[in-house]
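Peer 1: The structure that follows is given in the form of structure tokens.
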Amino acid sequence: MDSALTRQALPARWGFSAWLACFNGIVWREILRFVHQKERFLSALVRPLVWLFIFAAGFRQVLGVSIIPPYETYVLYEVFVTPGLIGMILLFNAMQSSLSMVYDRETGAMRTLLISPFPRWFLLVSKLVGGVFVAFLQVYVFLLIAYAWEIEPPPIGYLTVLPALFLSGLMLGALALFISSVIRQLENFAGVMNFVIFPMFFASSALYPLWRIREASPLLYEICRFNPFTYAVELIRFALYGQLDPVSLAAVLGFLTIFLAGALYAYDPSKGLLGRRGAPGGAA
Amino acid sequence: MSVPAPPALSIAGVGHAFGDRPALVDVSLELAAGSFTALLGQNGAGKSTLFALITRLYDNVSGEIRVFGHDVRRAPSAALRQMGVVFQSRTLDADLSALQNLTYHGALHGYRSGAAKARAMDLLRMVGLAHKAHDKVRALSGGQARRVEIARALLHGPRLLLLDEATVGLDMEARESIIALVRDLVAREGLCILWATHLIDEIAPTDRIVVLHRGRVLFGGGHNDLLARTGAATIRDAFTALIRAADAASAGGKRQQEGRQEETRQEEERHG
């Protein structure tokens, strides 16, 4: 046996290329796992498409949408609901990623990531970014199919929506990461899906304009205004039409900071929740 | 005057608790570079918790852990770079190939894809699994998967290798081959090994032994020292004697404490 196999000189400090290699490796694994899970890709697409083709088609007849920014004319309900459905893809993808983290923690696979010598914040943020890249794939395939359904944002919108997708995906991913840290077992996750995903999605501007919600229920309107998902949807809506909604941008950045801080705290070995619970990325 | 090299692993007065339940109490041990130490303990003795602290999955409540002189809490990066770990539960991604799993691990240690792949192939060859490099882990046997995990743990060139119940669930042949592979790493490569197990037949006469029971170190020393201390003829008997003595002492202590509490209660009743 050649001793060079097991020993080699370790550089005293990592260069930029080592950090990049680590980041690339984590993102690559997230994408590879997604590609291997064909059912996940299919369900990620089918869900918003069902809403677009069936729910939105039916609602078109009963729900008129007035001219509200960023739209300059009356738009079909399908057009209005598309940013909400993009948000839905991001939301489900984030929660799916969080679910896989709970699973990884239960099986012990999470430990592979957490014992890397790179700082834990860097590992977790890289994983979040990997999850967002996976969501990009889903969103653009959805937009391609939606285009065939005559949902045609301006061509520049396909580009300008990218930063909005990134920030919104990160925000939702950070929230999901935090949720994953406080869940003990995989079985508990179904409850969280019901208590997080559905309220977030329905109590937002994804399906109805906020002015409509205010007309129907001022209380629900206030809830929608405090819902981070509302701002993610609005940021995407404006960005898809080449515009920036500063309020939504500020809100998304603010929520991103809060959720990320919470998730990093929860996964911090010295302060976090894992050590107190006896769930060190697996069994104790 | 030359400074003596720091031990591969130094654990001093480490304690940890999950809520009110103590998991480790004042654990101290030291491993020299190039040594093989068997961490012997029953299920639930605290071996996995100790591994979690050494690898800084979370921080110990008290005490200090150093890996080649690097404090795991203060300089986790330097400490983690020196150690490879094989955890008790399988931590390979079953949907990825053996090579992809190793490449991913390489990335987590800052290796670029090409360098990681080359090294991964060398190590898979070393553990006799080069021909399985592109097979999904799901298709590998338990023993093969363990070999892949050992190859993975060696990929970044660690000097300390931690193995937590690495042979659990394997048949006799696979167990023996894993143990032989690991002992070979000590003999040829000079790696320091901490081998956690509850299987006494995995211990060799040359091994250093640390007995952990209910989160406390009951013994640390050589094979013969353990036999001499307990007066037993075999390591199995010595281990059993140590455990029984500790349990008896613990039960006695508990009875004494309960007695003191009862006396206090009666005293309080008398006074009022």
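Order determines the names: the first chain of the structure tokens is A, the second B, and so forth; residues in each chain are numbered 1 upward, and ligands are numbered 1 upward as they are shown.
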Using only C-alpha atoms, I'd like every residue of chain B that has an atom within 6 Å of chain A; please write them out as a VMD selection string.

Peer 2: chain B and resid 18 48 to 49 57 to 59 77 80 to 81 91 104 107 to 108 110 112 154 157 189

Peer 1: May I have the residues within 10 Å of range 241-249 of chain B as a ChimeraX atom specification, using only C-alpha atoms and disregarding those fewer than 6 positions away in the same chain?

Peer 2: /B:41-42,211-214,216,218-219,226,229-232,235,255

Peer 1: Those same residues - N, CA and C atoms - I'd like them written as an mmCIF file, in the first residue's frame.

Peer 2:
data_model
loop_
_atom_site.group_PDB
_atom_site.id
_atom_site.type_symbol
_atom_site.label_atom_id
_atom_site.label_comp_id
_atom_site.auth_asym_id
_atom_site.auth_seq_id
_atom_site.Cartn_x
_atom_site.Cartn_y
_atom_site.Cartn_z
ATOM 1 N N GLY B 41 -17.850 -0.409 24.915
ATOM 2 C CA GLY B 41 -18.993 -0.034 25.745
ATOM 3 C C GLY B 41 -20.257 -0.664 25.209
ATOM 4 N N GLN B 42 -21.198 -0.876 26.136
ATOM 5 C CA GLN B 42 -22.472 -1.447 25.713
ATOM 6 C C GLN B 42 -23.248 -0.415 24.903
ATOM 7 N N VAL B 211 -12.780 1.618 28.415
ATOM 8 C CA VAL B 211 -14.130 1.112 28.705
ATOM 9 C C VAL B 211 -15.016 2.287 29.118
ATOM 10 N N LEU B 212 -16.104 2.441 28.372
ATOM 11 C CA LEU B 212 -17.062 3.520 28.652
ATOM 12 C C LEU B 212 -18.373 2.882 29.100
ATOM 13 N N HIS B 213 -18.902 3.379 30.201
ATOM 14 C CA HIS B 213 -20.154 2.808 30.707
ATOM 15 C C HIS B 213 -20.995 3.911 31.328
ATOM 16 N N ARG B 214 -22.221 4.005 30.885
ATOM 17 C CA ARG B 214 -23.144 5.055 31.367
ATOM 18 C C ARG B 214 -22.481 6.431 31.343
ATOM 19 N N ARG B 216 -19.361 7.258 31.569
ATOM 20 C CA ARG B 216 -18.130 7.442 32.348
ATOM 21 C C ARG B 216 -17.057 6.486 31.862
ATOM 22 N N LEU B 218 -14.491 3.884 32.673
ATOM 23 C CA LEU B 218 -14.197 3.003 33.807
ATOM 24 C C LEU B 218 -12.755 2.535 33.789
ATOM 25 N N PHE B 219 -12.193 2.504 32.580
ATOM 26 C CA PHE B 219 -10.820 1.993 32.472
ATOM 27 C C PHE B 219 -10.184 2.540 31.189
ATOM 28 N N LEU B 226 -5.922 -4.385 32.007
ATOM 29 C CA LEU B 226 -7.340 -4.609 32.288
ATOM 30 C C LEU B 226 -7.535 -5.953 33.003
ATOM 31 N N ARG B 229 -6.132 -5.656 36.578
ATOM 32 C CA ARG B 229 -6.962 -4.829 37.471
ATOM 33 C C ARG B 229 -8.187 -5.595 37.967
ATOM 34 N N THR B 230 -8.773 -6.393 37.108
ATOM 35 C CA THR B 230 -10.013 -7.079 37.489
ATOM 36 C C THR B 230 -9.760 -8.507 37.974
ATOM 37 N N GLY B 231 -8.571 -9.014 37.710
ATOM 38 C CA GLY B 231 -8.269 -10.388 38.085
ATOM 39 C C GLY B 231 -8.971 -11.412 37.217
ATOM 40 N N ALA B 232 -9.479 -10.960 36.094
ATOM 41 C CA ALA B 232 -10.208 -11.867 35.203
ATOM 42 C C ALA B 232 -9.233 -12.566 34.251
ATOM 43 N N ILE B 235 -10.815 -10.844 28.489
ATOM 44 C CA ILE B 235 -11.297 -9.467 28.371
ATOM 45 C C ILE B 235 -12.811 -9.412 28.584
ATOM 46 N N ARG B 255 -29.001 4.350 46.624
ATOM 47 C CA ARG B 255 -29.719 3.982 47.851
ATOM 48 C C ARG B 255 -29.339 4.922 48.987
#

Peer 1: For range 243-248 of chain A, work out the shell of residues within 9 Å, counting only C-alpha atoms and skipping chain neighbours fewer than 6 positions away, then give it as a PyMOL selection string.

Peer 2: chain A and resi 70+157+160+230-237

Peer 1: Selected residues, C-alpha atoms, written as a compact mmCIF listing (two decimals), in the first residue's frame, please.

Peer 2:
# COMPACT_ATOMS: atom_id res chain seq x y z
CA PRO A 70 -47.34 45.61 -12.97
CA GLY A 157 -38.97 39.18 -17.97
CA THR A 160 -35.22 39.88 -14.79
CA THR A 230 -46.95 37.51 -0.34
CA TYR A 231 -43.81 39.57 -0.86
CA ALA A 232 -42.02 36.75 -2.65
CA VAL A 233 -44.95 36.45 -5.06
CA GLU A 234 -45.12 40.20 -5.65
CA LEU A 235 -41.38 40.44 -6.18
CA ILE A 236 -41.62 37.70 -8.79
CA ARG A 237 -44.75 39.25 -10.35

Peer 1: Show me, as a short mmCIF file (atom, residue, chain, number, x, y, z; two decimals) with N, CA, C and O atoms, in the first residue's frame, the residues that have an atom within 12 Å of Ile258 in chain A when counting only C-alpha atoms, minus same-chain residues fewer than 2 positions from it.

Peer 2:
data_model
loop_
_atom_site.label_atom_id
_atom_site.label_comp_id
_atom_site.auth_asym_id
_atom_site.auth_seq_id
_atom_site.Cartn_x
_atom_site.Cartn_y
_atom_site.Cartn_z
N LEU A 170 -34.22 31.63 -1.75
CA LEU A 170 -33.35 31.61 -0.56
C LEU A 170 -34.15 31.86 0.71
O LEU A 170 -33.96 31.20 1.73
N MET A 171 -35.07 32.82 0.62
CA MET A 171 -35.87 33.16 1.80
C MET A 171 -36.71 31.96 2.25
O MET A 171 -36.72 31.59 3.43
N LEU A 172 -37.37 31.33 1.30
CA LEU A 172 -38.22 30.19 1.64
C LEU A 172 -37.36 29.00 2.07
O LEU A 172 -37.72 28.24 2.97
N ALA A 174 -34.46 29.20 3.57
CA ALA A 174 -33.96 29.47 4.93
C ALA A 174 -35.04 29.18 5.96
O ALA A 174 -34.76 28.63 7.03
N LEU A 175 -36.27 29.53 5.62
CA LEU A 175 -37.39 29.22 6.53
C LEU A 175 -37.50 27.69 6.70
O LEU A 175 -37.66 27.19 7.82
N PHE A 178 -34.79 26.30 8.86
CA PHE A 178 -35.06 26.51 10.28
C PHE A 178 -36.10 25.50 10.77
O PHE A 178 -35.95 24.90 11.84
N PRO A 228 -44.68 36.39 4.57
CA PRO A 228 -43.50 36.59 3.71
C PRO A 228 -43.73 36.12 2.28
O PRO A 228 -43.16 36.68 1.34
N ALA A 251 -38.89 43.62 1.93
CA ALA A 251 -39.51 42.62 2.81
C ALA A 251 -38.83 41.25 2.65
O ALA A 251 -38.53 40.57 3.63
N VAL A 252 -38.59 40.88 1.39
CA VAL A 252 -37.95 39.58 1.15
C VAL A 252 -36.55 39.55 1.76
O VAL A 252 -36.16 38.56 2.41
N LEU A 253 -35.81 40.63 1.59
CA LEU A 253 -34.46 40.69 2.17
C LEU A 253 -34.52 40.63 3.70
O LEU A 253 -33.71 39.95 4.34
N GLY A 254 -35.50 41.33 4.26
CA GLY A 254 -35.66 41.33 5.72
C GLY A 254 -36.00 39.94 6.25
O GLY A 254 -35.37 39.45 7.19
N PHE A 255 -36.98 39.31 5.63
CA PHE A 255 -37.38 37.96 6.07
C PHE A 255 -36.24 36.97 5.84
O PHE A 255 -36.02 36.07 6.65
N LEU A 256 -35.53 37.14 4.73
CA LEU A 256 -34.39 36.26 4.45
C LEU A 256 -33.36 36.34 5.58
O LEU A 256 -32.86 35.32 6.08
N LEU A 260 -32.64 33.17 7.92
CA LEU A 260 -31.29 32.62 7.81
C LEU A 260 -30.59 32.65 9.18
O LEU A 260 -29.93 31.68 9.57
N ALA A 261 -30.78 33.77 9.87
CA ALA A 261 -30.16 33.87 11.21
C ALA A 261 -30.72 32.78 12.12
O ALA A 261 -29.97 32.13 12.86
N GLY A 262 -32.01 32.55 12.05
CA GLY A 262 -32.64 31.51 12.87
C GLY A 262 -32.12 30.13 12.52
O GLY A 262 -31.79 29.33 13.41
N ALA A 263 -31.99 29.85 11.22
CA ALA A 263 -31.53 28.52 10.78
C ALA A 263 -30.07 28.30 11.19
O ALA A 263 -29.70 27.23 11.67
N LEU A 264 -29.24 29.33 11.00
CA LEU A 264 -27.82 29.18 11.35
C LEU A 264 -27.65 29.03 12.86
O LEU A 264 -26.80 28.28 13.33
N TYR A 265 -28.50 29.74 13.60
CA TYR A 265 -28.46 29.60 15.06
C TYR A 265 -28.82 28.16 15.45
O TYR A 265 -28.15 27.54 16.28
#

Peer 1: Please extract the residues of range 3-232 of chain B with a backbone DSSP assignment of alpha helix (DSSP H) and present them as a PyMOL selection string.

Peer 2: chain B and resi 47-54+76-81+98-108+113-126+142-154+172-189+223-230

Peer 1: Given the selection you just returned, output its residues as a file containing C-alpha atoms, formatted as a PDB file, in the first residue's frame.

Peer 2:
ATOM      1  CA  LYS B  47     -19.819   6.149  22.424  1.00  0.00           C
ATOM      2  CA  SER B  48     -21.804   7.818  19.649  1.00  0.00           C
ATOM      3  CA  THR B  49     -22.295  10.950  21.736  1.00  0.00           C
ATOM      4  CA  LEU B  50     -18.543  11.105  22.277  1.00  0.00           C
ATOM      5  CA  PHE B  51     -18.016  10.769  18.522  1.00  0.00           C
ATOM      6  CA  ALA B  52     -20.529  13.543  17.900  1.00  0.00           C
ATOM      7  CA  LEU B  53     -18.567  15.819  20.232  1.00  0.00           C
ATOM      8  CA  ILE B  54     -15.178  14.936  18.745  1.00  0.00           C
ATOM      9  CA  PRO B  76     -12.894  23.239  14.382  1.00  0.00           C
ATOM     10  CA  SER B  77     -11.659  23.572  10.837  1.00  0.00           C
ATOM     11  CA  ALA B  78      -8.054  22.611  11.647  1.00  0.00           C
ATOM     12  CA  ALA B  79      -9.256  19.751  13.851  1.00  0.00           C
ATOM     13  CA  LEU B  80     -11.764  18.375  11.342  1.00  0.00           C
ATOM     14  CA  ARG B  81      -9.196  18.373   8.557  1.00  0.00           C
ATOM     15  CA  ALA B  98     -19.488   4.987  -4.879  1.00  0.00           C
ATOM     16  CA  LEU B  99     -17.283   7.341  -6.907  1.00  0.00           C
ATOM     17  CA  GLN B 100     -19.833  10.176  -6.736  1.00  0.00           C
ATOM     18  CA  ASN B 101     -20.081   9.780  -2.968  1.00  0.00           C
ATOM     19  CA  LEU B 102     -16.318  10.051  -2.628  1.00  0.00           C
ATOM     20  CA  THR B 103     -16.111  12.987  -5.019  1.00  0.00           C
ATOM     21  CA  TYR B 104     -18.769  14.782  -3.001  1.00  0.00           C
ATOM     22  CA  HIS B 105     -16.774  14.187   0.170  1.00  0.00           C
ATOM     23  CA  GLY B 106     -13.693  15.526  -1.613  1.00  0.00           C
ATOM     24  CA  ALA B 107     -15.594  18.701  -2.473  1.00  0.00           C
ATOM     25  CA  LEU B 108     -16.560  19.084   1.179  1.00  0.00           C
ATOM     26  CA  SER B 113     -13.640  17.412  -9.012  1.00  0.00           C
ATOM     27  CA  GLY B 114     -10.707  16.061 -11.067  1.00  0.00           C
ATOM     28  CA  ALA B 115      -8.352  15.751  -8.085  1.00  0.00           C
ATOM     29  CA  ALA B 116     -11.077  14.205  -5.936  1.00  0.00           C
ATOM     30  CA  LYS B 117     -11.940  11.625  -8.608  1.00  0.00           C
ATOM     31  CA  ALA B 118      -8.312  10.578  -9.056  1.00  0.00           C
ATOM     32  CA  ARG B 119      -7.866  10.173  -5.321  1.00  0.00           C
ATOM     33  CA  ALA B 120     -11.192   8.438  -4.942  1.00  0.00           C
ATOM     34  CA  MET B 121     -10.226   5.852  -7.568  1.00  0.00           C
ATOM     35  CA  ASP B 122      -6.898   5.216  -5.805  1.00  0.00           C
ATOM     36  CA  LEU B 123      -8.691   4.654  -2.517  1.00  0.00           C
ATOM     37  CA  LEU B 124     -11.410   2.476  -4.024  1.00  0.00           C
ATOM     38  CA  ARG B 125      -8.608   0.393  -5.503  1.00  0.00           C
ATOM     39  CA  MET B 126      -7.005   0.186  -2.075  1.00  0.00           C
ATOM     40  CA  GLY B 142     -23.184  -4.012   3.603  1.00  0.00           C
ATOM     41  CA  GLY B 143     -19.506  -4.912   3.737  1.00  0.00           C
ATOM     42  CA  GLN B 144     -18.770  -3.185   0.443  1.00  0.00           C
ATOM     43  CA  ALA B 145     -20.606  -0.054   1.554  1.00  0.00           C
ATOM     44  CA  ARG B 146     -18.527  -0.004   4.725  1.00  0.00           C
ATOM     45  CA  ARG B 147     -15.351  -0.240   2.653  1.00  0.00           C
ATOM     46  CA  VAL B 148     -16.535   2.676   0.557  1.00  0.00           C
ATOM     47  CA  GLU B 149     -17.149   4.633   3.765  1.00  0.00           C
ATOM     48  CA  ILE B 150     -13.619   3.878   4.949  1.00  0.00           C
ATOM     49  CA  ALA B 151     -12.226   4.974   1.580  1.00  0.00           C
ATOM     50  CA  ARG B 152     -14.286   8.135   1.882  1.00  0.00           C
ATOM     51  CA  ALA B 153     -13.015   8.815   5.389  1.00  0.00           C
ATOM     52  CA  LEU B 154      -9.432   8.580   4.082  1.00  0.00           C
ATOM     53  CA  MET B 172     -18.390 -12.618  10.017  1.00  0.00           C
ATOM     54  CA  GLU B 173     -16.357 -12.558   6.812  1.00  0.00           C
ATOM     55  CA  ALA B 174     -17.124  -8.905   6.094  1.00  0.00           C
ATOM     56  CA  ARG B 175     -16.388  -8.003   9.725  1.00  0.00           C
ATOM     57  CA  GLU B 176     -13.007  -9.675   9.648  1.00  0.00           C
ATOM     58  CA  SER B 177     -12.046  -8.047   6.373  1.00  0.00           C
ATOM     59  CA  ILE B 178     -13.016  -4.575   7.665  1.00  0.00           C
ATOM     60  CA  ILE B 179     -11.028  -5.068  10.865  1.00  0.00           C
ATOM     61  CA  ALA B 180      -8.026  -6.337   8.891  1.00  0.00           C
ATOM     62  CA  LEU B 181      -8.221  -3.332   6.578  1.00  0.00           C
ATOM     63  CA  VAL B 182      -8.296  -0.895   9.487  1.00  0.00           C
ATOM     64  CA  ARG B 183      -5.466  -2.604  11.358  1.00  0.00           C
ATOM     65  CA  ASP B 184      -3.450  -2.476   8.161  1.00  0.00           C
ATOM     66  CA  LEU B 185      -3.919   1.297   8.105  1.00  0.00           C
ATOM     67  CA  VAL B 186      -2.301   1.527  11.530  1.00  0.00           C
ATOM     68  CA  ALA B 187       0.563  -0.789  10.678  1.00  0.00           C
ATOM     69  CA  ARG B 188       1.416   0.588   7.265  1.00  0.00           C
ATOM     70  CA  GLU B 189       0.182   4.145   7.328  1.00  0.00           C
ATOM     71  CA  HIS B 223      -5.008  -5.459  27.481  1.00  0.00           C
ATOM     72  CA  ASN B 224      -2.957  -6.951  30.335  1.00  0.00           C
ATOM     73  CA  ASP B 225      -3.612  -3.968  32.596  1.00  0.00           C
ATOM     74  CA  LEU B 226      -7.340  -4.609  32.288  1.00  0.00           C
ATOM     75  CA  LEU B 227      -6.921  -8.284  33.152  1.00  0.00           C
ATOM     76  CA  ALA B 228      -4.622  -7.447  36.077  1.00  0.00           C
ATOM     77  CA  ARG B 229      -6.962  -4.829  37.471  1.00  0.00           C
ATOM     78  CA  THR B 230     -10.013  -7.079  37.489  1.00  0.00           C
TER      79      THR B 230
END

Peer 1: Which neighbours of Ile86 in chain A fall inside 9 Å, counting only C-alpha atoms, when residues of the same chain fewer than 6 positions from it are skipped, and could you give them as a PyMOL selection string?

Peer 2: chain A and resi 48+138-139+142-143+165+233+236
